[in-house]
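K.L.:
The structure file protein_39.pdb (PDB, C-alpha atoms) is provided below.
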```
MODEL        1
ATOM      1  CA  MET A   1      87.350  16.347  -8.436  1.00  0.00           C
ATOM      2  CA  GLU A   2      89.905  18.301  -6.445  1.00  0.00           C
ATOM      3  CA  ARG A   3      90.681  17.323  -2.859  1.00  0.00           C
ATOM      4  CA  ARG A   4      89.175  20.517  -1.430  1.00  0.00           C
ATOM      5  CA  ASP A   5      85.949  19.909  -3.397  1.00  0.00           C
ATOM      6  CA  PHE A   6      85.792  16.334  -2.101  1.00  0.00           C
ATOM      7  CA  LEU A   7      86.290  17.489   1.488  1.00  0.00           C
ATOM      8  CA  LYS A   8      83.660  20.174   1.011  1.00  0.00           C
ATOM      9  CA  LEU A   9      81.223  17.595  -0.322  1.00  0.00           C
ATOM     10  CA  GLY A  10      81.985  15.276   2.580  1.00  0.00           C
ATOM     11  CA  MET A  11      81.390  18.005   5.137  1.00  0.00           C
ATOM     12  CA  THR A  12      78.143  18.980   3.431  1.00  0.00           C
ATOM     13  CA  GLY A  13      76.980  15.370   3.519  1.00  0.00           C
ATOM     14  CA  ALA A  14      77.860  14.999   7.188  1.00  0.00           C
ATOM     15  CA  PHE A  15      76.102  18.244   7.990  1.00  0.00           C
ATOM     16  CA  GLY A  16      73.066  16.997   6.114  1.00  0.00           C
ATOM     17  CA  MET A  17      73.073  13.810   8.176  1.00  0.00           C
ATOM     18  CA  MET A  18      73.241  15.879  11.356  1.00  0.00           C
ATOM     19  CA  LEU A  19      70.210  17.853  10.231  1.00  0.00           C
ATOM     20  CA  THR A  20      68.358  14.657   9.464  1.00  0.00           C
ATOM     21  CA  ALA A  21      69.114  13.251  12.908  1.00  0.00           C
ATOM     22  CA  SER A  22      68.057  16.516  14.516  1.00  0.00           C
ATOM     23  CA  ASP A  23      64.838  16.572  12.537  1.00  0.00           C
ATOM     24  CA  LEU A  24      64.130  12.978  13.509  1.00  0.00           C
ATOM     25  CA  LEU A  25      64.687  13.751  17.192  1.00  0.00           C
ATOM     26  CA  TRP A  26      62.343  16.720  16.918  1.00  0.00           C
ATOM     27  CA  GLN A  27      59.673  14.569  15.279  1.00  0.00           C
ATOM     28  CA  VAL A  28      59.943  11.968  18.049  1.00  0.00           C
ATOM     29  CA  LYS A  29      59.489  14.660  20.694  1.00  0.00           C
ATOM     30  CA  GLN A  30      56.504  16.056  18.835  1.00  0.00           C
ATOM     31  CA  ALA A  31      54.942  12.605  18.567  1.00  0.00           C
ATOM     32  CA  LYS A  32      55.339  12.031  22.289  1.00  0.00           C
ATOM     33  CA  ALA A  33      53.926  15.433  23.080  1.00  0.00           C
ATOM     34  CA  ALA A  34      50.900  14.677  20.940  1.00  0.00           C
ATOM     35  CA  GLU A  35      50.131  11.650  23.104  1.00  0.00           C
ATOM     36  CA  ILE A  36      49.970  13.719  26.278  1.00  0.00           C
ATOM     37  CA  PRO A  37      46.386  14.832  27.025  1.00  0.00           C
ATOM     38  CA  PRO A  38      45.886  18.556  26.296  1.00  0.00           C
ATOM     39  CA  ASN A  39      44.160  19.112  29.644  1.00  0.00           C
ATOM     40  CA  SER A  40      46.852  18.114  32.114  1.00  0.00           C
ATOM     41  CA  PRO A  41      45.709  17.620  35.720  1.00  0.00           C
ATOM     42  CA  GLU A  42      47.679  20.684  36.787  1.00  0.00           C
ATOM     43  CA  SER A  43      45.692  22.941  34.466  1.00  0.00           C
ATOM     44  CA  LEU A  44      42.153  21.740  35.279  1.00  0.00           C
ATOM     45  CA  SER A  45      39.866  23.963  37.312  1.00  0.00           C
ATOM     46  CA  PRO A  46      37.677  22.331  39.998  1.00  0.00           C
ATOM     47  CA  ASP A  47      34.618  22.552  37.730  1.00  0.00           C
ATOM     48  CA  GLU A  48      36.528  21.090  34.772  1.00  0.00           C
ATOM     49  CA  ALA A  49      37.752  18.244  36.966  1.00  0.00           C
ATOM     50  CA  LEU A  50      34.182  17.477  38.046  1.00  0.00           C
ATOM     51  CA  GLN A  51      33.013  17.540  34.443  1.00  0.00           C
ATOM     52  CA  LYS A  52      35.773  15.115  33.519  1.00  0.00           C
ATOM     53  CA  LEU A  53      34.519  12.697  36.163  1.00  0.00           C
ATOM     54  CA  ILE A  54      30.910  13.055  35.045  1.00  0.00           C
ATOM     55  CA  GLU A  55      31.820  12.432  31.400  1.00  0.00           C
ATOM     56  CA  GLY A  56      33.851   9.366  32.368  1.00  0.00           C
ATOM     57  CA  ASN A  57      30.965   7.977  34.413  1.00  0.00           C
ATOM     58  CA  GLN A  58      28.623   8.460  31.467  1.00  0.00           C
ATOM     59  CA  ARG A  59      30.987   6.463  29.251  1.00  0.00           C
ATOM     60  CA  PHE A  60      30.948   3.716  31.875  1.00  0.00           C
ATOM     61  CA  ILE A  61      27.144   3.725  32.014  1.00  0.00           C
ATOM     62  CA  ASP A  62      26.922   3.615  28.208  1.00  0.00           C
ATOM     63  CA  HIS A  63      29.465   0.774  28.055  1.00  0.00           C
ATOM     64  CA  HIS A  64      31.767   2.855  25.859  1.00  0.00           C
ATOM     65  CA  PRO A  65      34.887   3.223  28.026  1.00  0.00           C
ATOM     66  CA  GLN A  66      38.001   4.825  26.588  1.00  0.00           C
ATOM     67  CA  TYR A  67      40.395   3.358  29.187  1.00  0.00           C
ATOM     68  CA  PRO A  68      42.482   6.572  29.225  1.00  0.00           C
ATOM     69  CA  ASP A  69      45.927   6.911  30.770  1.00  0.00           C
ATOM     70  CA  GLN A  70      46.657   3.193  30.876  1.00  0.00           C
ATOM     71  CA  SER A  71      49.457   3.032  28.308  1.00  0.00           C
ATOM     72  CA  ALA A  72      53.167   2.366  28.734  1.00  0.00           C
ATOM     73  CA  LEU A  73      53.754   6.052  28.043  1.00  0.00           C
ATOM     74  CA  ARG A  74      51.423   6.991  30.902  1.00  0.00           C
ATOM     75  CA  LEU A  75      53.423   4.762  33.243  1.00  0.00           C
ATOM     76  CA  GLN A  76      56.530   6.736  32.374  1.00  0.00           C
ATOM     77  CA  GLU A  77      54.755  10.082  32.702  1.00  0.00           C
ATOM     78  CA  VAL A  78      53.715   9.482  36.294  1.00  0.00           C
ATOM     79  CA  ALA A  79      56.629   7.334  37.419  1.00  0.00           C
ATOM     80  CA  GLN A  80      58.402  10.215  39.146  1.00  0.00           C
ATOM     81  CA  ALA A  81      55.500  12.522  40.021  1.00  0.00           C
ATOM     82  CA  GLN A  82      51.727  12.430  40.372  1.00  0.00           C
ATOM     83  CA  HIS A  83      49.119  15.130  39.864  1.00  0.00           C
ATOM     84  CA  PRO A  84      45.689  13.485  40.260  1.00  0.00           C
ATOM     85  CA  PHE A  85      42.895  15.711  38.980  1.00  0.00           C
ATOM     86  CA  ALA A  86      40.450  14.283  41.534  1.00  0.00           C
ATOM     87  CA  THR A  87      40.552  12.910  45.062  1.00  0.00           C
ATOM     88  CA  ILE A  88      37.761  10.534  46.020  1.00  0.00           C
ATOM     89  CA  LEU A  89      36.829   9.335  49.487  1.00  0.00           C
ATOM     90  CA  SER A  90      34.729   6.280  48.777  1.00  0.00           C
ATOM     91  CA  CYS A  91      33.593   3.067  50.378  1.00  0.00           C
ATOM     92  CA  ALA A  92      35.933   0.075  50.295  1.00  0.00           C
ATOM     93  CA  ASP A  93      33.109  -1.955  48.717  1.00  0.00           C
ATOM     94  CA  SER A  94      34.539  -4.096  45.899  1.00  0.00           C
ATOM     95  CA  ARG A  95      31.718  -3.029  43.582  1.00  0.00           C
ATOM     96  CA  VAL A  96      32.682   0.649  43.627  1.00  0.00           C
ATOM     97  CA  PRO A  97      36.190   0.994  42.087  1.00  0.00           C
ATOM     98  CA  ALA A  98      36.596   4.684  41.277  1.00  0.00           C
ATOM     99  CA  GLU A  99      38.892   4.381  38.244  1.00  0.00           C
ATOM    100  CA  ILE A 100      36.497   1.966  36.570  1.00  0.00           C
ATOM    101  CA  VAL A 101      33.179   3.711  37.284  1.00  0.00           C
ATOM    102  CA  PHE A 102      34.670   7.040  36.161  1.00  0.00           C
ATOM    103  CA  ASP A 103      36.634   5.527  33.244  1.00  0.00           C
ATOM    104  CA  GLN A 104      39.976   6.977  34.314  1.00  0.00           C
ATOM    105  CA  GLY A 105      43.520   5.650  34.448  1.00  0.00           C
ATOM    106  CA  ILE A 106      46.828   5.620  36.247  1.00  0.00           C
ATOM    107  CA  GLY A 107      47.584   8.803  38.159  1.00  0.00           C
ATOM    108  CA  ASP A 108      44.159  10.354  37.516  1.00  0.00           C
ATOM    109  CA  ILE A 109      42.427   9.706  40.836  1.00  0.00           C
ATOM    110  CA  PHE A 110      43.813   9.774  44.363  1.00  0.00           C
ATOM    111  CA  ASP A 111      41.782   7.012  46.027  1.00  0.00           C
ATOM    112  CA  VAL A 112      40.991   7.013  49.728  1.00  0.00           C
ATOM    113  CA  ARG A 113      38.815   3.978  50.381  1.00  0.00           C
ATOM    114  CA  ILE A 114      37.337   2.937  53.698  1.00  0.00           C
ATOM    115  CA  ALA A 115      34.101   1.170  54.646  1.00  0.00           C
ATOM    116  CA  GLY A 116      31.285   3.676  54.917  1.00  0.00           C
ATOM    117  CA  ASN A 117      33.399   6.377  53.200  1.00  0.00           C
ATOM    118  CA  ILE A 118      34.033   7.884  56.628  1.00  0.00           C
ATOM    119  CA  ALA A 119      36.402  10.788  57.208  1.00  0.00           C
ATOM    120  CA  THR A 120      38.718   9.383  59.862  1.00  0.00           C
ATOM    121  CA  HIS A 121      41.784  11.355  60.918  1.00  0.00           C
ATOM    122  CA  GLU A 122      43.916   9.135  58.695  1.00  0.00           C
ATOM    123  CA  ALA A 123      41.565   9.610  55.745  1.00  0.00           C
ATOM    124  CA  ILE A 124      41.538  13.378  56.230  1.00  0.00           C
ATOM    125  CA  GLY A 125      45.327  13.429  56.368  1.00  0.00           C
ATOM    126  CA  SER A 126      45.528  11.458  53.140  1.00  0.00           C
ATOM    127  CA  ILE A 127      43.118  13.860  51.460  1.00  0.00           C
ATOM    128  CA  GLU A 128      45.040  16.899  52.725  1.00  0.00           C
ATOM    129  CA  TYR A 129      48.172  15.395  51.186  1.00  0.00           C
ATOM    130  CA  ALA A 130      46.459  14.960  47.811  1.00  0.00           C
ATOM    131  CA  VAL A 131      44.940  18.431  47.789  1.00  0.00           C
ATOM    132  CA  VAL A 132      47.691  20.552  49.300  1.00  0.00           C
ATOM    133  CA  LEU A 133      50.844  18.761  48.159  1.00  0.00           C
ATOM    134  CA  LEU A 134      49.694  17.153  44.920  1.00  0.00           C
ATOM    135  CA  GLY A 135      47.375  19.956  43.822  1.00  0.00           C
ATOM    136  CA  SER A 136      44.199  17.930  43.311  1.00  0.00           C
ATOM    137  CA  PRO A 137      41.444  20.475  42.482  1.00  0.00           C
ATOM    138  CA  LEU A 138      38.436  18.265  43.213  1.00  0.00           C
ATOM    139  CA  LEU A 139      37.382  16.252  46.250  1.00  0.00           C
ATOM    140  CA  MET A 140      34.392  13.936  46.106  1.00  0.00           C
ATOM    141  CA  VAL A 141      32.917  11.969  48.991  1.00  0.00           C
ATOM    142  CA  MET A 142      31.108   9.082  47.333  1.00  0.00           C
ATOM    143  CA  GLY A 143      28.616   6.854  49.103  1.00  0.00           C
ATOM    144  CA  HIS A 144      26.699   4.080  47.413  1.00  0.00           C
ATOM    145  CA  GLU A 145      23.386   2.304  47.293  1.00  0.00           C
ATOM    146  CA  ARG A 146      22.811  -0.431  49.888  1.00  0.00           C
ATOM    147  CA  CYS A 147      26.029   0.335  51.756  1.00  0.00           C
ATOM    148  CA  GLY A 148      26.628  -2.385  54.343  1.00  0.00           C
ATOM    149  CA  ALA A 149      28.248  -0.055  56.872  1.00  0.00           C
ATOM    150  CA  VAL A 150      25.370   2.422  56.662  1.00  0.00           C
ATOM    151  CA  THR A 151      22.818  -0.388  56.853  1.00  0.00           C
ATOM    152  CA  ALA A 152      24.462  -1.697  60.013  1.00  0.00           C
ATOM    153  CA  ALA A 153      24.308   1.778  61.549  1.00  0.00           C
ATOM    154  CA  VAL A 154      20.618   2.152  60.687  1.00  0.00           C
ATOM    155  CA  GLN A 155      19.734  -1.273  62.018  1.00  0.00           C
ATOM    156  CA  LYS A 156      21.896  -0.742  65.124  1.00  0.00           C
ATOM    157  CA  GLU A 157      23.637  -4.034  64.585  1.00  0.00           C
ATOM    158  CA  SER A 158      26.195  -5.310  67.063  1.00  0.00           C
ATOM    159  CA  LEU A 159      29.328  -6.080  65.086  1.00  0.00           C
ATOM    160  CA  PRO A 160      32.488  -7.927  66.180  1.00  0.00           C
ATOM    161  CA  GLY A 161      35.981  -6.487  66.470  1.00  0.00           C
ATOM    162  CA  ASP A 162      36.840  -3.148  64.915  1.00  0.00           C
ATOM    163  CA  ILE A 163      34.021  -3.476  62.380  1.00  0.00           C
ATOM    164  CA  SER A 164      31.869  -1.618  64.892  1.00  0.00           C
ATOM    165  CA  THR A 165      34.055   1.494  64.514  1.00  0.00           C
ATOM    166  CA  PHE A 166      32.513   2.183  61.103  1.00  0.00           C
ATOM    167  CA  VAL A 167      29.035   2.169  62.600  1.00  0.00           C
ATOM    168  CA  LYS A 168      30.122   4.554  65.338  1.00  0.00           C
ATOM    169  CA  ALA A 169      31.511   6.989  62.762  1.00  0.00           C
ATOM    170  CA  ILE A 170      28.248   6.969  60.777  1.00  0.00           C
ATOM    171  CA  LYS A 171      25.764   7.285  63.645  1.00  0.00           C
ATOM    172  CA  PRO A 172      25.947  11.114  63.940  1.00  0.00           C
ATOM    173  CA  ALA A 173      24.668  11.373  60.362  1.00  0.00           C
ATOM    174  CA  LEU A 174      21.512   9.444  61.236  1.00  0.00           C
ATOM    175  CA  LYS A 175      20.221  12.197  63.511  1.00  0.00           C
ATOM    176  CA  LYS A 176      19.499  14.388  60.463  1.00  0.00           C
ATOM    177  CA  VAL A 177      17.199  11.808  58.869  1.00  0.00           C
ATOM    178  CA  LYS A 178      15.702  10.228  61.959  1.00  0.00           C
ATOM    179  CA  ASP A 179      12.115  11.198  61.120  1.00  0.00           C
ATOM    180  CA  GLN A 180      12.544  11.611  57.379  1.00  0.00           C
ATOM    181  CA  PRO A 181      10.058   9.684  55.195  1.00  0.00           C
ATOM    182  CA  GLY A 182      11.243   7.144  52.651  1.00  0.00           C
ATOM    183  CA  ASP A 183      13.809   4.358  52.745  1.00  0.00           C
ATOM    184  CA  ALA A 184      15.816   4.675  55.952  1.00  0.00           C
ATOM    185  CA  VAL A 185      19.022   3.225  54.536  1.00  0.00           C
ATOM    186  CA  GLU A 186      18.888   5.314  51.360  1.00  0.00           C
ATOM    187  CA  ASN A 187      18.271   8.457  53.393  1.00  0.00           C
ATOM    188  CA  ALA A 188      21.174   7.553  55.632  1.00  0.00           C
ATOM    189  CA  VAL A 189      23.531   6.962  52.679  1.00  0.00           C
ATOM    190  CA  VAL A 190      22.967  10.531  51.478  1.00  0.00           C
ATOM    191  CA  ALA A 191      23.078  11.975  54.998  1.00  0.00           C
ATOM    192  CA  ASN A 192      26.341  10.175  55.683  1.00  0.00           C
ATOM    193  CA  VAL A 193      27.959  11.682  52.591  1.00  0.00           C
ATOM    194  CA  GLN A 194      26.870  15.134  53.714  1.00  0.00           C
ATOM    195  CA  TYR A 195      28.071  14.527  57.273  1.00  0.00           C
ATOM    196  CA  GLN A 196      31.509  13.335  56.156  1.00  0.00           C
ATOM    197  CA  ILE A 197      31.818  16.438  53.959  1.00  0.00           C
ATOM    198  CA  GLU A 198      31.064  18.574  57.014  1.00  0.00           C
ATOM    199  CA  ARG A 199      33.901  16.840  58.839  1.00  0.00           C
ATOM    200  CA  LEU A 200      36.264  17.483  55.939  1.00  0.00           C
ATOM    201  CA  GLN A 201      35.278  21.141  55.803  1.00  0.00           C
ATOM    202  CA  LYS A 202      36.567  21.533  59.345  1.00  0.00           C
ATOM    203  CA  SER A 203      40.083  20.872  58.059  1.00  0.00           C
ATOM    204  CA  LYS A 204      41.944  24.164  58.002  1.00  0.00           C
ATOM    205  CA  LEU A 205      44.096  23.044  55.092  1.00  0.00           C
ATOM    206  CA  LEU A 206      41.124  22.015  52.978  1.00  0.00           C
ATOM    207  CA  SER A 207      39.016  25.054  53.851  1.00  0.00           C
ATOM    208  CA  GLU A 208      41.855  27.352  52.802  1.00  0.00           C
ATOM    209  CA  GLN A 209      41.995  25.642  49.403  1.00  0.00           C
ATOM    210  CA  VAL A 210      38.237  25.978  49.001  1.00  0.00           C
ATOM    211  CA  GLN A 211      38.282  29.670  49.925  1.00  0.00           C
ATOM    212  CA  SER A 212      41.068  30.335  47.430  1.00  0.00           C
ATOM    213  CA  GLY A 213      39.078  28.687  44.645  1.00  0.00           C
ATOM    214  CA  LYS A 214      41.629  25.918  44.173  1.00  0.00           C
ATOM    215  CA  LEU A 215      39.389  23.163  45.517  1.00  0.00           C
ATOM    216  CA  LYS A 216      35.782  22.068  45.100  1.00  0.00           C
ATOM    217  CA  ILE A 217      34.188  19.560  47.474  1.00  0.00           C
ATOM    218  CA  VAL A 218      31.153  17.601  46.296  1.00  0.00           C
ATOM    219  CA  GLY A 219      29.189  14.571  47.333  1.00  0.00           C
ATOM    220  CA  GLY A 220      28.323  11.614  45.141  1.00  0.00           C
ATOM    221  CA  ARG A 221      25.972   8.652  45.378  1.00  0.00           C
ATOM    222  CA  TYR A 222      26.773   5.551  43.310  1.00  0.00           C
ATOM    223  CA  ASP A 223      23.931   3.359  42.089  1.00  0.00           C
ATOM    224  CA  LEU A 224      24.937  -0.292  42.189  1.00  0.00           C
ATOM    225  CA  ASP A 225      22.216  -1.238  39.698  1.00  0.00           C
ATOM    226  CA  THR A 226      22.906   1.300  36.963  1.00  0.00           C
ATOM    227  CA  GLY A 227      26.491   2.426  37.595  1.00  0.00           C
ATOM    228  CA  LYS A 228      25.414   6.073  37.682  1.00  0.00           C
ATOM    229  CA  VAL A 229      26.983   8.576  40.070  1.00  0.00           C
ATOM    230  CA  THR A 230      24.558  11.293  41.151  1.00  0.00           C
ATOM    231  CA  ILE A 231      25.998  14.517  42.520  1.00  0.00           C
ATOM    232  CA  ILE A 232      24.811  15.362  46.031  1.00  0.00           C
ATOM    233  CA  THR A 233      24.702  19.051  46.904  1.00  0.00           C
TER     234      THR A 233
ENDMDL
END
```
Produce structure tokens that represent the structure in this file.
P.N.:
Amino acid sequence: MERRDFLKLGMTGAFGMMLTASDLLWQVKQAKAAEIPPNSPESLSPDEALQKLIEGNQRFIDHHPQYPDQSALRLQEVAQAQHPFATILSCADSRVPAEIVFDQGIGDIFDVRIAGNIATHEAIGSIEYAVVLLGSPLLMVMGHERCGAVTAAVQKESLPGDISTFVKAIKPALKKVKDQPGDAVENAVVANVQYQIERLQKSKLLSEQVQSGKLKIVGGRYDLDTGKVTIIT
């Protein structure tokens, strides 16, 4: 074999190795892309985001969780930025963890938890941050069965320290169900969700997002016995 033929063969082999490396890199990128959920939080409409929550809750009820977005890859995806598809104002009760009852994972839900799921100024500010700056298309205010804070408000209990502030924030909601038949606490749980939504709707930032169609605000009631979240309109 002549020298020029040998060099030509060597260059062809090297070029072939370069193509192989390039192909391999492309395949790695494709594999990673395949692991990213097709419906990214940024692309979900408010109704699609709500449906995603409802489907996750049904999996939780059926005891068939998928534990989505809890992989090492997901950690890397959200390490530098977050785009939660839902924001949930819920009670701080240890039995109502949003990610678990909706079968979601890291970076999926922007949690704002406070006893009685009350919309304090700090809670509203946190929600405005999630909706306006992070682009969350869905906001749910979620109360729950046998809520201690609501029960205390109904029973007009005298509570020590700052615990009484939760009762004070819930009391306005009780006026709507004062003479309503049925279980007083259960009625108050639903009324409190509706009242806190009314407070949130007074936020100029949130109302602008609703009017533009970028945000949907709904109420939810979590059943401690069954795990089911019922949508409150």
K.L.:
Starting from the shown file, work through the PyMOL selection byres ((chain A and resi 143) around 7) and note down what comes out as a ChimeraX atom specification.
P.N.:
/A:90-91,117,141-142,144,189,193,220-222
K.L.:
Applied to the shown file, which residues does the PyMOL selection byres ((chain A and resi 46) around 9) return, written as a count of residues only?
P.N.:
18
K.L.:
Determine the residue set returned by the PyMOL selection byres ((chain A and resi 84) around 8) for the present structure, and present it as JSON, numbers by chain.
P.N.:
{"A": [41, 82, 83, 85, 86, 87, 107, 108, 109, 110, 130, 134, 135, 136]}
K.L.:
In Å, rounded to a single decimal, give me how far atom CA of Gln76 of chain A is from atom CA of Leu89 of chain A.
P.N.:
26.2 Å
K.L.:
Nearest to Leu133 of chain A among A:Gln209, A:Val185, A:Ser164, A:Arg199, with distances taken over all atoms listed in the file: which residue is it?
P.N.:
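Smallest distance to Leu133 of chain A is found for A:Gln209.
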K.L.:
Given 6 Å of margin on each side, can you work out the centre and size in Å (one decimal) of an axis-aligned box holding every listed atom of segment 87-98 of chain A, as lines of an AutoDock Vina configuration file?
P.N.:
```
center_x = 36.1
center_y = 4.4
center_z = 45.8
size_x = 20.8
size_y = 29.0
size_z = 21.1
```
K.L.:
Could you check how far atom CA of Val96 of chain A sits from atom CA of Ala169 of chain A, in Å to one decimal?
P.N.:
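That distance, rounded to one decimal, is 20.2 Å.
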K.L.:
Provide the atom CA of Leu53 of chain A to atom CA of Asp69 of chain A distance in Å, to one decimal place.
P.N.:
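According to the coordinates, atom CA of Leu53 of chain A and atom CA of Asp69 of chain A are separated by 13.9 Å.
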K.L.:
Please list as a list in words every residue within 9 Å of Ile127 of chain A, counting only C-alpha atoms and excluding residues in the same chain fewer than 2 positions away.
P.N.:
Thr87, Ile88, Leu89, Phe110, Asp111, Val112, Glu122, Ala123, Ile124, Gly125, Tyr129, Ala130, Val131, Val132, Leu139, Leu200 and Leu206 of chain A
K.L.:
Using all atoms listed in the file and a cutoff of 6 Å, can you tell me which residues are near (32.3, 2.4, 37.2) in the file's coordinates, and write them out as a ChimeraX atom specification?
P.N.:
/A:60,100-102,227
K.L.:
With all atoms listed in the file as the basis for distance, which of A:Ile197, A:Ile118, A:Leu205, A:Val229 is at the shortest distance from Val167 of chain A?
P.N.:
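Residue with the minimum atom-to-atom distance to Val167 of chain A: A:Ile118.
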K.L.:
Please determine, counting only C-alpha atoms, which residue among A:Glu198, A:Glu77, A:Glu99, A:Asp93 has the shortest atom-to-atom distance to Gly56 of chain A.
P.N.:
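Among the listed residues, the smallest separation from Gly56 of chain A belongs to A:Glu99.
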K.L.:
What residues have an atom no more than 12 Å from (25.0, -1.2, 57.0) in the file's own frame, counting all atoms listed in the file, and can you write them as a short mmCIF file (atom, residue, chain, number, x, y, z; two decimals) with C-alpha atoms, in the coordinates of the input?
P.N.:
```cif
data_model
loop_
_atom_site.label_atom_id
_atom_site.label_comp_id
_atom_site.auth_asym_id
_atom_site.auth_seq_id
_atom_site.Cartn_x
_atom_site.Cartn_y
_atom_site.Cartn_z
CA CYS A 91 33.59 3.07 50.38
CA ASP A 93 33.11 -1.96 48.72
CA ALA A 115 34.10 1.17 54.65
CA GLY A 116 31.28 3.68 54.92
CA ASN A 117 33.40 6.38 53.20
CA GLY A 143 28.62 6.85 49.10
CA HIS A 144 26.70 4.08 47.41
CA GLU A 145 23.39 2.30 47.29
CA ARG A 146 22.81 -0.43 49.89
CA CYS A 147 26.03 0.34 51.76
CA GLY A 148 26.63 -2.38 54.34
CA ALA A 149 28.25 -0.06 56.87
CA VAL A 150 25.37 2.42 56.66
CA THR A 151 22.82 -0.39 56.85
CA ALA A 152 24.46 -1.70 60.01
CA ALA A 153 24.31 1.78 61.55
CA VAL A 154 20.62 2.15 60.69
CA GLN A 155 19.73 -1.27 62.02
CA LYS A 156 21.90 -0.74 65.12
CA GLU A 157 23.64 -4.03 64.58
CA SER A 158 26.20 -5.31 67.06
CA LEU A 159 29.33 -6.08 65.09
CA ILE A 163 34.02 -3.48 62.38
CA SER A 164 31.87 -1.62 64.89
CA PHE A 166 32.51 2.18 61.10
CA VAL A 167 29.04 2.17 62.60
CA LYS A 168 30.12 4.55 65.34
CA ALA A 169 31.51 6.99 62.76
CA ILE A 170 28.25 6.97 60.78
CA LYS A 171 25.76 7.28 63.64
CA LEU A 174 21.51 9.44 61.24
CA ALA A 184 15.82 4.68 55.95
CA VAL A 185 19.02 3.22 54.54
CA GLU A 186 18.89 5.31 51.36
CA ALA A 188 21.17 7.55 55.63
CA VAL A 189 23.53 6.96 52.68
CA ASN A 192 26.34 10.18 55.68
#
```
